[in-house]
Amino acid sequence: MAVFKALAAEIFKMFAADLWLTIAAVASVALAAAALRAGLVQAAALPFFLAAAIVVALAIGVVRGARP
Amino acid sequence: MISLATAAPTVGAAFVASSVEAVEAFTIVLAVSVVRGIRPAALGAGAALVILALVVAILGPLLAAVPVRGLQLVIGLLLLVFGLGWLRKAVLRAGGALSLHDEAATFEKQTRALRDEAHARGRAADWLAGMVAFKAVLLEGTEVVFIVLAIGARPGLLLPAAVGAAGACVLVLALGLALRAPLARIPENSMKFVVGALLTGFGVFWCCEGLGAPWPGGDLAILPLVGFYLAAGLVLAASVRAVRARTA
């Protein structure tokens, strides 16, 4: 039983060690999908927007993690 | 036929990611073999490896039945979340905001705990030691299995991903058996840095493919994308280091 509990904790940790970062990444992809569907961003430009949004999410995640 | 440009990043990502996890699992299996002998260590680790191999063998072909577009988006998102977590942690460690993982300390701690258990439990200690090895390989291997399944989810890529992961495990085992010591000199955080950038790059690439917005240059775009996240991570780590030096 302890092994299963540890396994569940490990799987949770894999995807949600920093919940803010997980939510930011999922929200970035969801916003990109919505913008594409609404015609606000062209398909050719979307990869660059998403790549940039992910760097911003990473930077904020690092700043939050580096705070004492 | 898979092109080299497609297979090489897959093999490389699986190899480096699996090396990191294999080193961590090996430290604990080594502690078990030093305290209780090779038998419980090999049985525990072997049983976990069989389970992990079965999971890949069962889930891998099942993923091939899922529509490609939806699969790319879901797997891309999972890779992105997983890779970003690794990259963030590696940046914080490189910047000095988090302490580095110390395999020698883990080995010492595990060895002491197993010796204490052996005194308290007598012959049952072998069973317990086997379970410790089993749990270590199963837990560290879960991340390897996820990486292999995720980056091997496109048609024809499961085998290259599995080969990369298996190669890493064999190499770590061979190095560990030759040294009979925890692999403390392996630059684990640098490897995690690279893996984090690789998985984040794969994740962003696949999310875009899944959304119907393919990258210019096709699969070749993965390499500059990974380089972009690696560079961003290095800049962030340097910034964290500079800020910490200024406020210290």
# chains A, B, ... in the order shown; residues from 1 in each chain; ligands from 1
>>> closest_atom_pairs(of="chain A", to="chain B", cutoff="8 Å", atoms="only C-alpha atoms", output="JSON lines")
{"residue": "A:Val3", "atom": "CA", "partner": "B:Lys135", "partner_atom": "CA", "distance": 6.4}
{"residue": "A:Ala6", "atom": "CA", "partner": "B:Leu139", "partner_atom": "CA", "distance": 7.6}
{"residue": "A:Leu7", "atom": "CA", "partner": "B:Leu139", "partner_atom": "CA", "distance": 6.1}
{"residue": "A:Glu10", "atom": "CA", "partner": "B:Leu139", "partner_atom": "CA", "distance": 6.7}
{"residue": "A:Ile11", "atom": "CA", "partner": "B:Thr142", "partner_atom": "CA", "distance": 7.7}
{"residue": "A:Met14", "atom": "CA", "partner": "B:Phe82", "partner_atom": "CA", "distance": 5.9}
{"residue": "A:Phe15", "atom": "CA", "partner": "B:Phe82", "partner_atom": "CA", "distance": 5.3}
{"residue": "A:Ala16", "atom": "CA", "partner": "B:Val81", "partner_atom": "CA", "distance": 7.9}
{"residue": "A:Ala17", "atom": "CA", "partner": "B:Gly85", "partner_atom": "CA", "distance": 6.9}
{"residue": "A:Asp18", "atom": "CA", "partner": "B:Gly85", "partner_atom": "CA", "distance": 7.0}
{"residue": "A:Leu21", "atom": "CA", "partner": "B:Gly85", "partner_atom": "CA", "distance": 7.4}
{"residue": "A:Thr22", "atom": "CA", "partner": "B:Val81", "partner_atom": "CA", "distance": 5.5}
{"residue": "A:Ala25", "atom": "CA", "partner": "B:Val81", "partner_atom": "CA", "distance": 6.4}
{"residue": "A:Val26", "atom": "CA", "partner": "B:Leu77", "partner_atom": "CA", "distance": 7.0}
{"residue": "A:Val29", "atom": "CA", "partner": "B:Cys207", "partner_atom": "CA", "distance": 7.3}
{"residue": "A:Ala33", "atom": "CA", "partner": "B:Leu211", "partner_atom": "CA", "distance": 6.4}
{"residue": "A:Ala43", "atom": "CA", "partner": "B:Ala213", "partner_atom": "CA", "distance": 4.6}
{"residue": "A:Ala44", "atom": "CA", "partner": "B:Ala213", "partner_atom": "CA", "distance": 6.2}
{"residue": "A:Leu46", "atom": "CA", "partner": "B:Ala213", "partner_atom": "CA", "distance": 6.4}
{"residue": "A:Pro47", "atom": "CA", "partner": "B:Cys208", "partner_atom": "CA", "distance": 5.8}
{"residue": "A:Leu50", "atom": "CA", "partner": "B:Val204", "partner_atom": "CA", "distance": 7.2}
{"residue": "A:Ala51", "atom": "CA", "partner": "B:Val204", "partner_atom": "CA", "distance": 6.5}
{"residue": "A:Val55", "atom": "CA", "partner": "B:Ala232", "partner_atom": "CA", "distance": 7.1}
{"residue": "A:Leu58", "atom": "CA", "partner": "B:Arg88", "partner_atom": "CA", "distance": 6.5}
{"residue": "A:Ala59", "atom": "CA", "partner": "B:Leu236", "partner_atom": "CA", "distance": 6.9}
{"residue": "A:Gly61", "atom": "CA", "partner": "B:Arg88", "partner_atom": "CA", "distance": 6.8}
{"residue": "A:Val62", "atom": "CA", "partner": "B:Arg88", "partner_atom": "CA", "distance": 5.8}
{"residue": "A:Val63", "atom": "CA", "partner": "B:Val240", "partner_atom": "CA", "distance": 7.9}
{"residue": "A:Gly65", "atom": "CA", "partner": "B:Leu92", "partner_atom": "CA", "distance": 7.1}
{"residue": "A:Ala66", "atom": "CA", "partner": "B:Ala97", "partner_atom": "CA", "distance": 5.5}
>>> write_last_selection(atoms="C-alpha atoms", output="compact mmCIF listing (two decimals), in the first residue's frame")
# COMPACT_ATOMS: atom_id res chain seq x y z
CA VAL A 3 4.34 1.76 -2.58
CA ALA A 6 4.44 6.84 -2.95
CA LEU A 7 3.72 6.19 -6.64
CA GLU A 10 5.46 10.81 -7.39
CA ILE A 11 3.03 11.17 -10.30
CA MET A 14 5.82 15.14 -11.75
CA PHE A 15 3.13 17.48 -13.01
CA ALA A 16 2.29 19.78 -10.14
CA ALA A 17 5.43 20.31 -8.06
CA ASP A 18 4.86 24.02 -8.62
CA LEU A 21 3.83 26.99 -13.14
CA THR A 22 1.53 24.14 -14.18
CA ALA A 25 1.67 26.56 -18.83
CA VAL A 26 -1.84 25.12 -19.32
CA VAL A 29 -1.68 26.78 -24.35
CA ALA A 33 -5.75 27.79 -28.85
CA ALA A 43 -1.23 29.82 -37.49
CA ALA A 44 2.24 30.77 -38.77
CA LEU A 46 1.30 31.09 -33.07
CA PRO A 47 4.40 28.94 -32.37
CA LEU A 50 3.50 30.28 -27.42
CA ALA A 51 7.28 29.87 -27.14
CA VAL A 55 9.55 31.71 -21.31
CA LEU A 58 9.29 30.11 -16.60
CA ALA A 59 10.77 33.48 -15.61
CA GLY A 61 8.21 30.66 -11.80
CA VAL A 62 11.94 31.20 -11.21
CA VAL A 63 11.39 34.60 -9.57
CA GLY A 65 11.05 30.18 -6.41
CA ALA A 66 14.08 32.38 -5.78
>>> residues_around(residues="B:Ala45", least_positions_apart="3", cutoff="7 Å", atoms="only C-alpha atoms", output="PyMOL selection string")
chain B and resi 41-42+48-49+133-134+137
>>> write_last_selection(atoms="N, CA and C atoms", output="PDB file, in the first residue's frame")
ATOM      1  N   ALA B  41      18.819  -6.672  -3.537  1.00  0.00           N
ATOM      2  CA  ALA B  41      18.917  -5.480  -4.403  1.00  0.00           C
ATOM      3  C   ALA B  41      18.519  -5.830  -5.829  1.00  0.00           C
ATOM      4  N   ALA B  42      19.060  -6.959  -6.331  1.00  0.00           N
ATOM      5  CA  ALA B  42      18.780  -7.358  -7.722  1.00  0.00           C
ATOM      6  C   ALA B  42      17.326  -7.786  -7.887  1.00  0.00           C
ATOM      7  N   ALA B  48      10.887  -4.345 -10.289  1.00  0.00           N
ATOM      8  CA  ALA B  48      10.392  -3.020 -10.703  1.00  0.00           C
ATOM      9  C   ALA B  48      10.630  -2.794 -12.194  1.00  0.00           C
ATOM     10  N   LEU B  49      11.804  -3.231 -12.686  1.00  0.00           N
ATOM     11  CA  LEU B  49      12.106  -3.047 -14.114  1.00  0.00           C
ATOM     12  C   LEU B  49      11.129  -3.825 -14.997  1.00  0.00           C
ATOM     13  N   ALA B 133      14.700  -1.300  -2.679  1.00  0.00           N
ATOM     14  CA  ALA B 133      15.231  -1.266  -4.053  1.00  0.00           C
ATOM     15  C   ALA B 133      14.091  -1.217  -5.070  1.00  0.00           C
ATOM     16  N   PHE B 134      13.053  -2.031  -4.827  1.00  0.00           N
ATOM     17  CA  PHE B 134      11.884  -2.083  -5.717  1.00  0.00           C
ATOM     18  C   PHE B 134      11.240  -0.696  -5.836  1.00  0.00           C
ATOM     19  N   VAL B 137      13.466   1.970  -7.714  1.00  0.00           N
ATOM     20  CA  VAL B 137      13.490   1.797  -9.177  1.00  0.00           C
ATOM     21  C   VAL B 137      12.117   2.110  -9.774  1.00  0.00           C
TER      22      VAL B 137
END
>>> atom_distance(atom1="atom CA of B:Ala166", atom2="atom CA of B:Arg39")
21.9 Å
>>> select_by_dssp(residues="stretch 62-135 of chain B", states="alpha helix (DSSP H)", output="PyMOL selection string")
chain B and resi 62-63+68-94+103-121+124-135
>>> closest_atom_pairs(of="stretch 196-241 of chain B", to="stretch 10-22 of chain B", cutoff="10 Å", atoms="only C-alpha atoms", output="CSV")
residue,atom,partner,partner_atom,distance
B:Gly196,CA,B:Ala17,CA,8.6
B:Ala197,CA,B:Ala13,CA,9.7
B:Leu198,CA,B:Ala13,CA,6.3
B:Leu199,CA,B:Ala13,CA,7.5
B:Phe202,CA,B:Thr10,CA,9.2
>>> write_last_selection(atoms="C-alpha atoms", output="PDB file, in the first residue's frame")
ATOM      1  CA  GLY B 196      14.257  20.396 -18.788  1.00  0.00           C
ATOM      2  CA  ALA B 197      15.053  22.439 -21.923  1.00  0.00           C
ATOM      3  CA  LEU B 198      14.624  19.352 -24.151  1.00  0.00           C
ATOM      4  CA  LEU B 199      11.244  18.402 -22.697  1.00  0.00           C
ATOM      5  CA  PHE B 202       9.367  19.052 -27.280  1.00  0.00           C
TER       6      PHE B 202
END
>>> atom_distance(atom1="atom CA of B:Pro61", atom2="atom CA of B:Gly46")
23.2 Å
>>> atom_distance(atom1="atom CA of B:Leu223", atom2="atom CA of B:Pro9")
7.7 Å
>>> decode(residues="stretch 8-58 of chain A", atoms="N, CA and C atoms", output="mmCIF file, in the first residue's frame")
data_model
loop_
_atom_site.group_PDB
_atom_site.id
_atom_site.type_symbol
_atom_site.label_atom_id
_atom_site.label_comp_id
_atom_site.auth_asym_id
_atom_site.auth_seq_id
_atom_site.Cartn_x
_atom_site.Cartn_y
_atom_site.Cartn_z
ATOM 1 N N ALA A 8 1.622 7.388 -6.305
ATOM 2 C CA ALA A 8 0.645 8.458 -6.566
ATOM 3 C C ALA A 8 1.279 9.822 -6.273
ATOM 4 N N ALA A 9 2.029 9.901 -5.164
ATOM 5 C CA ALA A 9 2.681 11.169 -4.800
ATOM 6 C C ALA A 9 3.716 11.562 -5.857
ATOM 7 N N GLU A 10 4.430 10.557 -6.367
ATOM 8 C CA GLU A 10 5.460 10.813 -7.390
ATOM 9 C C GLU A 10 4.822 11.355 -8.675
ATOM 10 N N ILE A 11 3.703 10.738 -9.073
ATOM 11 C CA ILE A 11 3.031 11.170 -10.303
ATOM 12 C C ILE A 11 2.487 12.602 -10.122
ATOM 13 N N PHE A 12 1.928 12.889 -8.937
ATOM 14 C CA PHE A 12 1.440 14.245 -8.667
ATOM 15 C C PHE A 12 2.599 15.244 -8.749
ATOM 16 N N LYS A 13 3.734 14.852 -8.131
ATOM 17 C CA LYS A 13 4.907 15.730 -8.093
ATOM 18 C C LYS A 13 5.449 16.000 -9.515
ATOM 19 N N MET A 14 5.307 14.995 -10.389
ATOM 20 C CA MET A 14 5.818 15.138 -11.752
ATOM 21 C C MET A 14 5.162 16.310 -12.485
ATOM 22 N N PHE A 15 3.866 16.484 -12.224
ATOM 23 C CA PHE A 15 3.128 17.481 -13.014
ATOM 24 C C PHE A 15 2.698 18.710 -12.225
ATOM 25 N N ALA A 16 2.806 18.641 -10.916
ATOM 26 C CA ALA A 16 2.293 19.779 -10.137
ATOM 27 C C ALA A 16 3.196 20.101 -8.956
ATOM 28 N N ALA A 17 4.509 19.955 -9.139
ATOM 29 C CA ALA A 17 5.434 20.307 -8.055
ATOM 30 C C ALA A 17 5.291 21.796 -7.743
ATOM 31 N N ASP A 18 5.161 22.606 -8.805
ATOM 32 C CA ASP A 18 4.859 24.022 -8.622
ATOM 33 C C ASP A 18 3.536 24.276 -9.344
ATOM 34 N N LEU A 19 2.477 24.349 -8.550
ATOM 35 C CA LEU A 19 1.128 24.431 -9.125
ATOM 36 C C LEU A 19 0.963 25.684 -9.997
ATOM 37 N N TRP A 20 1.592 26.779 -9.578
ATOM 38 C CA TRP A 20 1.472 28.027 -10.339
ATOM 39 C C TRP A 20 2.027 27.835 -11.755
ATOM 40 N N LEU A 21 3.180 27.195 -11.836
ATOM 41 C CA LEU A 21 3.833 26.987 -13.136
ATOM 42 C C LEU A 21 2.973 26.087 -14.026
ATOM 43 N N THR A 22 2.401 25.055 -13.423
ATOM 44 C CA THR A 22 1.531 24.139 -14.176
ATOM 45 C C THR A 22 0.333 24.904 -14.744
ATOM 46 N N ILE A 23 -0.301 25.715 -13.878
ATOM 47 C CA ILE A 23 -1.478 26.475 -14.322
ATOM 48 C C ILE A 23 -1.076 27.475 -15.406
ATOM 49 N N ALA A 24 0.080 28.121 -15.236
ATOM 50 C CA ALA A 24 0.533 29.110 -16.230
ATOM 51 C C ALA A 24 0.775 28.443 -17.582
ATOM 52 N N ALA A 25 1.383 27.263 -17.574
ATOM 53 C CA ALA A 25 1.666 26.560 -18.833
ATOM 54 C C ALA A 25 0.368 26.148 -19.526
ATOM 55 N N VAL A 26 -0.558 25.569 -18.745
ATOM 56 C CA VAL A 26 -1.837 25.123 -19.321
ATOM 57 C C VAL A 26 -2.622 26.334 -19.839
ATOM 58 N N ALA A 27 -2.609 27.430 -19.062
ATOM 59 C CA ALA A 27 -3.342 28.641 -19.478
ATOM 60 C C ALA A 27 -2.744 29.224 -20.755
ATOM 61 N N SER A 28 -1.414 29.184 -20.882
ATOM 62 C CA SER A 28 -0.763 29.713 -22.091
ATOM 63 C C SER A 28 -1.229 28.944 -23.328
ATOM 64 N N VAL A 29 -1.257 27.613 -23.204
ATOM 65 C CA VAL A 29 -1.680 26.784 -24.346
ATOM 66 C C VAL A 29 -3.160 27.023 -24.645
ATOM 67 N N ALA A 30 -3.982 27.132 -23.586
ATOM 68 C CA ALA A 30 -5.420 27.350 -23.784
ATOM 69 C C ALA A 30 -5.661 28.703 -24.457
ATOM 70 N N LEU A 31 -4.943 29.737 -24.012
ATOM 71 C CA LEU A 31 -5.093 31.064 -24.620
ATOM 72 C C LEU A 31 -4.639 31.054 -26.069
ATOM 73 N N ALA A 32 -3.548 30.336 -26.349
ATOM 74 C CA ALA A 32 -3.055 30.234 -27.727
ATOM 75 C C ALA A 32 -4.107 29.568 -28.617
ATOM 76 N N ALA A 33 -4.720 28.498 -28.076
ATOM 77 C CA ALA A 33 -5.754 27.788 -28.846
ATOM 78 C C ALA A 33 -6.942 28.705 -29.093
ATOM 79 N N ALA A 34 -7.346 29.450 -28.064
ATOM 80 C CA ALA A 34 -8.505 30.345 -28.195
ATOM 81 C C ALA A 34 -8.203 31.464 -29.194
ATOM 82 N N ALA A 35 -6.990 32.018 -29.114
ATOM 83 C CA ALA A 35 -6.619 33.112 -30.017
ATOM 84 C C ALA A 35 -6.592 32.632 -31.471
ATOM 85 N N LEU A 36 -6.115 31.406 -31.656
ATOM 86 C CA LEU A 36 -6.061 30.834 -33.016
ATOM 87 C C LEU A 36 -7.467 30.624 -33.557
ATOM 88 N N ARG A 37 -8.334 30.081 -32.702
ATOM 89 C CA ARG A 37 -9.700 29.801 -33.133
ATOM 90 C C ARG A 37 -10.463 31.095 -33.437
ATOM 91 N N ALA A 38 -10.182 32.139 -32.644
ATOM 92 C CA ALA A 38 -10.886 33.423 -32.842
ATOM 93 C C ALA A 38 -10.289 34.229 -34.002
ATOM 94 N N GLY A 39 -9.192 33.741 -34.559
ATOM 95 C CA GLY A 39 -8.569 34.439 -35.680
ATOM 96 C C GLY A 39 -7.712 35.619 -35.253
ATOM 97 N N LEU A 40 -7.405 35.702 -33.968
ATOM 98 C CA LEU A 40 -6.590 36.819 -33.474
ATOM 99 C C LEU A 40 -5.109 36.625 -33.812
ATOM 100 N N VAL A 41 -4.710 35.379 -33.965
ATOM 101 C CA VAL A 41 -3.312 35.067 -34.298
ATOM 102 C C VAL A 41 -3.313 34.124 -35.492
ATOM 103 N N GLN A 42 -2.396 34.358 -36.424
ATOM 104 C CA GLN A 42 -2.301 33.453 -37.572
ATOM 105 C C GLN A 42 -1.550 32.188 -37.158
ATOM 106 N N ALA A 43 -1.868 31.103 -37.826
ATOM 107 C CA ALA A 43 -1.232 29.815 -37.495
ATOM 108 C C ALA A 43 0.287 29.890 -37.602
ATOM 109 N N ALA A 44 0.778 30.683 -38.570
ATOM 110 C CA ALA A 44 2.236 30.770 -38.766
ATOM 111 C C ALA A 44 2.923 31.503 -37.621
ATOM 112 N N ALA A 45 2.189 32.397 -36.946
ATOM 113 C CA ALA A 45 2.793 33.190 -35.861
ATOM 114 C C ALA A 45 2.611 32.537 -34.495
ATOM 115 N N LEU A 46 1.627 31.664 -34.388
ATOM 116 C CA LEU A 46 1.295 31.087 -33.072
ATOM 117 C C LEU A 46 2.468 30.409 -32.360
ATOM 118 N N PRO A 47 3.287 29.593 -33.074
ATOM 119 C CA PRO A 47 4.398 28.935 -32.369
ATOM 120 C C PRO A 47 5.303 29.922 -31.642
ATOM 121 N N PHE A 48 5.546 31.075 -32.267
ATOM 122 C CA PHE A 48 6.451 32.057 -31.648
ATOM 123 C C PHE A 48 5.804 32.704 -30.426
ATOM 124 N N PHE A 49 4.492 32.969 -30.510
ATOM 125 C CA PHE A 49 3.784 33.521 -29.351
ATOM 126 C C PHE A 49 3.810 32.539 -28.190
ATOM 127 N N LEU A 50 3.543 31.282 -28.501
ATOM 128 C CA LEU A 50 3.504 30.280 -27.417
ATOM 129 C C LEU A 50 4.883 30.095 -26.804
ATOM 130 N N ALA A 51 5.914 30.028 -27.651
ATOM 131 C CA ALA A 51 7.282 29.869 -27.136
ATOM 132 C C ALA A 51 7.649 31.020 -26.201
ATOM 133 N N ALA A 52 7.244 32.237 -26.583
ATOM 134 C CA ALA A 52 7.544 33.407 -25.757
ATOM 135 C C ALA A 52 6.746 33.366 -24.448
ATOM 136 N N ALA A 53 5.476 32.978 -24.541
ATOM 137 C CA ALA A 53 4.630 32.921 -23.339
ATOM 138 C C ALA A 53 5.199 31.927 -22.334
ATOM 139 N N ILE A 54 5.759 30.833 -22.830
ATOM 140 C CA ILE A 54 6.304 29.810 -21.937
ATOM 141 C C ILE A 54 7.573 30.331 -21.239
ATOM 142 N N VAL A 55 8.363 31.126 -21.952
ATOM 143 C CA VAL A 55 9.551 31.709 -21.308
ATOM 144 C C VAL A 55 9.128 32.669 -20.192
ATOM 145 N N VAL A 56 8.066 33.446 -20.461
ATOM 146 C CA VAL A 56 7.573 34.377 -19.430
ATOM 147 C C VAL A 56 7.092 33.583 -18.207
ATOM 148 N N ALA A 57 6.357 32.485 -18.453
ATOM 149 C CA ALA A 57 5.882 31.650 -17.342
ATOM 150 C C ALA A 57 7.065 31.093 -16.552
ATOM 151 N N LEU A 58 8.104 30.651 -17.271
ATOM 152 C CA LEU A 58 9.293 30.113 -16.599
ATOM 153 C C LEU A 58 9.970 31.198 -15.755
#
